[in-house]
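A.B. asks: Quick one: the structure is below, questions incoming.
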Amino acid sequence: MRDIAAKAGVAVPTVEAAFGTKARLLKAVIDAAIAGDDAPVPMLERAWAERTRAASDATGIAAEFAGTLTASAQRAAGLVLAALDAARLDQDIADVAAQLTRQREIMAAWLVDELTARSSLRHGIGRDEAIDTVWLLMDPAVFTRLTGQRKWTAMQFRAWFTDTVTRLLLDPGHAGL
């Protein structure tokens, strides 16, 4: 808190009054990194979500979503991973980590619902399994490993996510694949 206050040019009590705890400050920083700004607009009410809904087919939906996911992961994946790791040691941060995990599930469910509004799921794959698949593919560790350890570019990750979601989840006869 001291370092943040010093960099912001304010007193520590000012930071504490604004955020209360380190965990709430961490959540605010992660939320801003995910969204790309600190505007109090829910992710699913932002312009990217409207562009995604407007896509003409399931592949377009997956591609629009992948673009937003990639940009968000570039800004926030490291912070989210730090929060998930610190959750083992601090209950307040564990609560933040649980919120982040729930938010990822909400986003995964939203994508699956948007996809299935335009296409059928592959035979034998139900909505819950599709959500779990997207939830896993969205994991910040996946992004970090591919773009960091495996040296993929952001564009490679975006294309891979789009292709993987459509190939794993959608009926090729109805997805425009």
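Simple scheme: letters A, B, ... for chains in structure tokens order, numbers from 1 for residues in each chain, numbers from 1 for ligands in the order shown.
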Residues of stretch 138-169 of chain A that approach stretch 68-72 of chain A to 9 Å or less, counting only C-alpha atoms: could you list each one with the shortest pair of atoms and its distance in Å to one decimal, rows by chain and increasing residue number, as CSV?
C.D. replies:
residue,atom,partner,partner_atom,distance
A:Met138,CA,A:Leu69,CA,7.5
A:Phe143,CA,A:Thr70,CA,8.0
A:Ala154,CA,A:Thr70,CA,6.4
A:Met155,CA,A:Thr70,CA,8.2
A:Phe157,CA,A:Thr70,CA,7.1
A:Arg158,CA,A:Thr70,CA,6.0
A:Phe161,CA,A:Thr70,CA,9.0
A.B. asks: With distances taken over only C-alpha atoms, which residue among A:Val112, A:Asp90, A:Arg2, A:Gly67 lies nearest A:Thr133?
C.D. replies: A:Val112
A.B. asks: Of the candidates A:Val29, A:Arg53, A:Val10, A:Ala109, which one gets nearest to A:Asp132 if we count only C-alpha atoms?
C.D. replies: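 Using only C-alpha atoms, the shortest distance to A:Asp132 belongs to A:Ala109.
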A.B. asks: Just want the 9 Å neighbourhood of A:Leu170, counted on only C-alpha atoms, with same-chain residues fewer than 3 positions away dropped. Output as a list in words.
C.D. replies: Ala58, Leu115, Thr116, Ser119, Ser120, Leu121, Arg122, His123, Ile125, Val165, Thr166, Arg167, Gly173, His174, Ala175 and Leu177 of chain A
A.B. asks: Atoms to include: N, CA and C atoms. Write the selected residues as a compact mmCIF listing (two decimals), in the first residue's frame.
C.D. replies:
# COMPACT_ATOMS: atom_id res chain seq x y z
N ALA A 58 -21.21 -18.58 -36.06
CA ALA A 58 -20.55 -19.02 -34.83
C ALA A 58 -19.04 -18.79 -34.86
N LEU A 115 -22.75 -18.90 -29.09
CA LEU A 115 -22.42 -19.86 -30.14
C LEU A 115 -23.62 -20.73 -30.49
N THR A 116 -24.31 -21.22 -29.46
CA THR A 116 -25.43 -22.13 -29.72
C THR A 116 -26.67 -21.40 -30.22
N SER A 119 -25.44 -22.06 -33.89
CA SER A 119 -24.97 -23.37 -34.30
C SER A 119 -25.38 -24.40 -33.25
N SER A 120 -25.28 -25.64 -33.62
CA SER A 120 -25.53 -26.74 -32.68
C SER A 120 -24.20 -27.20 -32.09
N LEU A 121 -24.27 -27.68 -30.86
CA LEU A 121 -23.09 -28.31 -30.28
C LEU A 121 -22.87 -29.67 -30.94
N ARG A 122 -21.64 -30.12 -30.93
CA ARG A 122 -21.33 -31.45 -31.44
C ARG A 122 -22.19 -32.48 -30.71
N HIS A 123 -22.48 -33.54 -31.40
CA HIS A 123 -23.25 -34.64 -30.80
C HIS A 123 -22.53 -35.14 -29.54
N ILE A 125 -22.09 -33.50 -26.73
CA ILE A 125 -21.56 -32.43 -25.87
C ILE A 125 -22.74 -31.59 -25.40
N VAL A 165 -12.16 -23.66 -30.04
CA VAL A 165 -13.55 -23.60 -29.58
C VAL A 165 -14.49 -24.13 -30.65
N THR A 166 -14.31 -23.69 -31.86
CA THR A 166 -15.25 -24.12 -32.91
C THR A 166 -15.09 -25.61 -33.22
N ARG A 167 -13.87 -26.10 -33.27
CA ARG A 167 -13.66 -27.52 -33.59
C ARG A 167 -14.10 -28.45 -32.46
N GLY A 173 -21.45 -29.52 -39.33
CA GLY A 173 -22.49 -29.34 -40.35
C GLY A 173 -23.33 -28.10 -40.17
N HIS A 174 -23.24 -27.48 -38.98
CA HIS A 174 -24.09 -26.31 -38.72
C HIS A 174 -23.31 -25.07 -38.29
N ALA A 175 -22.01 -25.15 -38.23
CA ALA A 175 -21.22 -24.04 -37.68
C ALA A 175 -20.60 -23.17 -38.75
N LEU A 177 -18.27 -24.28 -40.59
CA LEU A 177 -16.85 -24.67 -40.55
C LEU A 177 -16.44 -25.31 -41.87
A.B. asks: Would you mind reading off the distance between atom CA of A:Trp48 and atom CA of A:Val80, one decimal, in Å?
C.D. replies: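 We find that atom CA of A:Trp48 and atom CA of A:Val80 lie 21.1 Å from each other.
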A.B. asks: Could you please determine the separation between atom CA of A:Val134 and atom CA of A:Asp163 in Å, to one decimal place?
C.D. replies: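 Answer for the atom CA of A:Val134 to atom CA of A:Asp163 separation: 12.0 Å.
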A.B. asks: Can I get the residues of stretch 36-87 of chain A within 7 Å of stretch 97-106 of chain A, each with the closest pair of atoms and their distance in Å to one decimal, using only C-alpha atoms, sorted chain first then ascending number, as JSON lines?
C.D. replies:
{"residue": "A:Ala83", "atom": "CA", "partner": "A:Ala97", "partner_atom": "CA", "distance": 5.9}
{"residue": "A:Leu84", "atom": "CA", "partner": "A:Ala97", "partner_atom": "CA", "distance": 5.3}
{"residue": "A:Ala87", "atom": "CA", "partner": "A:Ala97", "partner_atom": "CA", "distance": 6.4}
A.B. asks: Between atom CA of A:Arg127 and atom CA of A:Asp113, what distance in Å does the model show, to one decimal?
C.D. replies: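 The value is 8.2 Å.
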A.B. asks: When DSSP works through the backbone of this structure, what residues of stretch 66-146 of chain A end up as helix (DSSP H, G or I), shown as a PyMOL selection string?
C.D. replies: chain A and resi 66-86+91-116+127-137+140-146
A.B. asks: Give me, as an NGL selection string, all polymer residues having an atom no more than 8 Å from A:Ile61, counting only C-alpha atoms and skipping those fewer than 6 positions away in the same chain.
C.D. replies: :A and (52-55 or 111 or 114-115)
A.B. asks: Ranking A:Ala76, A:Ala11, A:Ala6, A:Ala108 by minimum distance to A:Ala32 and counting only C-alpha atoms, which one comes first?
C.D. replies: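 Comparing A:Ala76, A:Ala11, A:Ala6, A:Ala108 against A:Ala32, the winner is A:Ala76.
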